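First up is the structure itself, then whatever we jot down about it.
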Amino acid sequence: AAVFLAAVGGLFAWQWTGAEVSTVGQVRFSKELKVPPLAPSTVEKDGTRVFSLRMQAGTTEFEKGVRTPTWGFNGSYLGPTLRAKRGEKVRVKVENTLPEASSVHWHGMHLPAKMDGGPHQEVAPGRTWTPYWKIDQPAATLWYHPHPHGKTETHVQRGLAGMFLVDDDRSASLKLPKRYGVDDLPVAVQDVEFDGANLDHGRRSFLQNTGFLGSRTMVNGTLDPYKEVGDELVRLRLLNASTARIYDFGFGDDRAFALVATDGGLLERPETLKRVQLSPGERAEVVVRMRAGEKVVLRSFPQSNYGGGFEQRFAGGDDSFDVLELRAAPTLRKAPELPSVMGDLEVPQEKDAVRGRYFGLRMSGINGRKMDMRHIDETVTRGTAEVWTVRNEDGVPHNFHVHDVQFRVLSVDGKAPTGMLRGAKDTVFVPGGSTVKLAMRFDGPADPDTPYMYHCHLLYHEDRGMMGQFVVVEKGQRAGTVAGGAHAG
Ligand code: C2O
Ligand code: CU
Ligand code: CU
């Protein structure tokens, strides 16, 4: 069946990708990269850091003089970068001025289920939701985005997304590039399609069912972006903020770079790589060495490991993109060598796990079930670690994201993980036919009535029901009853 489908897919590939989708060599890099501002905050007497996010509609000039209707946080497209330190208490006033309900989920954040911003914490139009929690996890590049059930793809496509950077003493003391917007750059990559002045979200790969695939890319909402840099070492915090597209990032001249962090934070030591593949929702921090006066292009290369005979249809022959041009100044500030050791990962080992679970991924649901907001799929015990085995059963590209935790990838198809998969992760690509084993610990507060989500982060799949719910309970406690409706307040 896979061979037959692949053949049919080949025949019809042009219907959804065009003959080829590649912007390599085509981009003129004419616009300066926008760097999202750091969100202002106030600190209360008890040390709580308070941020405000306002979800709003507006118009954005992606091209000069062309006004595109979009949504954003505290602006017309995307949102500011929130930043806080481990140990700090934070509170965020989330105000929804949109004409419909939405939510704000803190992707990668370890926090109580009621603060998670998933489909059970929708914020009605005109209402404000004020989650608060204590940052209790290592330094990492996290992000935030809406999560209203069935509408996440649309809300993210309209522009609702931003980064949340966590710092800690270790990240502060290590010799890594860390001047935000100077040698430490947020790089949120999205694929887009325009229909005149409007964003066109209708471009779907109907045969392969991955969801929207655009033919151009933007970084931080900037089309054709370039960035002038003045340092020998530049850190890129890559975020795949696309709804379905998978990228395989590297540099145009194939130079090696150092991978220093993944979803959940710093690796044990920098790893020299030439490519890092990110599916939707995943992050990677890379440090690239620049030579004075040169231009280097961040590129997404054609990919071959979708698995299951689907690569032609997903790739459309060549899905390569020139994403961002870095322009080095004629003289560069010297940078110290990267540290050779960065510390330990705070994710469990296989031997720590007290039980295992299986998750079979299909378009039609996870373990044969579609998301039901009133149904708790899994109940886990607070303070325990588990091994979750996740298999792609239908060959369509999927990934797997778990709320609240970071996990260790124990194996991919029985083999030890390499490259990016050696770091702490909250989202992992699961190509057709492959199986990943993940170890994670649940040590948030027990709340039998409020679930966290696990799901495919290809947002079209998530919205169609490739999502399930788990609650964290005290030992021996049962899951509670979950209300299905939206609430705010
Ligand atoms: Cu980034 Cu459940 O999401
Ligand atoms: Cu999440
Ligand atoms: Cu999927």
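In the structure tokens, each chain is lettered A, B, ... as it comes, each chain's residues begin at 1, and ligands are numbered from 1 in order of appearance.
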Determine which residues of range 172-416 of chain A receive a DSSP assignment of alpha helix (DSSP H), computed from the backbone, and state them as a PyMOL selection string.
-> chain A and resi 172-173+311-315
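Close contacts of range 462-468 of chain A, defined as residues with an atom at most 7 Å away when counting only C-alpha atoms, with chain neighbours fewer than 4 positions off set aside, comprise A:His149, A:Gly150, A:Lys151, A:Thr152, A:Met363, A:Ser364, A:Gly365, A:Ile366, A:Lys370, A:Met371, A:Asp377, A:Met453, A:Tyr454, A:His455, A:Cys456, A:His457, A:Leu458.
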File of the preceding selection, N, CA and C atoms, as a tab-separated table (two decimals), in the first residue's frame:
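The result, written out as out-v4.tsv:
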chain	number	residue	atom	x	y	z
A	149	HIS	N	-8.96	24.49	21.20
A	149	HIS	CA	-9.17	23.21	20.54
A	149	HIS	C	-9.79	23.37	19.15
A	150	GLY	N	-9.12	22.80	18.16
A	150	GLY	CA	-9.60	22.83	16.78
A	150	GLY	C	-9.21	24.08	16.01
A	151	LYS	N	-8.58	25.05	16.68
A	151	LYS	CA	-8.27	26.31	16.00
A	151	LYS	C	-6.82	26.74	16.14
A	152	THR	N	-5.99	25.86	16.64
A	152	THR	CA	-4.61	26.26	16.89
A	152	THR	C	-3.89	26.64	15.60
A	363	MET	N	-3.19	9.66	11.67
A	363	MET	CA	-4.02	10.83	11.36
A	363	MET	C	-5.36	10.77	12.09
A	364	SER	N	-5.87	9.56	12.22
A	364	SER	CA	-7.21	9.38	12.79
A	364	SER	C	-7.22	9.47	14.30
A	365	GLY	N	-6.06	9.61	14.93
A	365	GLY	CA	-6.02	9.74	16.37
A	365	GLY	C	-4.80	9.06	16.97
A	366	ILE	N	-4.68	9.15	18.28
A	366	ILE	CA	-3.57	8.51	18.99
A	366	ILE	C	-4.14	7.32	19.74
A	370	LYS	N	-9.65	9.88	19.09
A	370	LYS	CA	-9.53	11.30	18.79
A	370	LYS	C	-9.64	12.07	20.10
A	371	MET	N	-9.04	13.25	20.12
A	371	MET	CA	-9.12	14.11	21.29
A	371	MET	C	-10.57	14.35	21.71
A	377	ASP	N	-7.12	10.43	29.00
A	377	ASP	CA	-6.57	9.25	28.35
A	377	ASP	C	-5.55	8.53	29.23
A	453	MET	N	-1.74	18.14	27.85
A	453	MET	CA	-1.93	17.54	26.53
A	453	MET	C	-0.65	16.81	26.08
A	454	TYR	N	-0.83	15.82	25.24
A	454	TYR	CA	0.27	15.32	24.39
A	454	TYR	C	-0.34	15.26	23.00
A	455	HIS	N	0.46	15.57	22.00
A	455	HIS	CA	-0.13	15.64	20.66
A	455	HIS	C	0.91	15.71	19.56
A	456	CYS	N	0.43	15.51	18.33
A	456	CYS	CA	1.24	15.79	17.16
A	456	CYS	C	1.27	17.32	17.01
A	457	HIS	N	2.46	17.90	16.77
A	457	HIS	CA	2.56	19.36	16.66
A	457	HIS	C	2.46	19.84	15.21
A	458	LEU	N	2.10	18.95	14.28
A	458	LEU	CA	1.67	19.44	12.97
A	458	LEU	C	0.24	19.90	13.25
If we count only C-alpha atoms, what is near range 398-405 of chain A at a cut-off of 8 Å, once residues fewer than 6 positions away on the same chain are taken out, given as a VMD selection string?
-> chain A and resid 107 to 113 116 279 to 280 361 390 392 426 to 432 440 to 442 444 452 to 458
Among the residues of range 192-406 of chain A, find those DSSP assigns to strand (DSSP E) from the backbone and print them as a PyMOL selection string.
-> chain A and resi 192+194-195+198-199+216-219+222-223+225-231+233-240+247-251+257-262+265-273+276-278+283-289+295-300+321-333+353-362+365-366+378-381+384-392+398-402
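Shortest atom-to-atom contact with Arg127 in chain A among A:Thr97, A:Thr154, A:Ser340, A:Ser103: A:Thr97, counting only C-alpha atoms.
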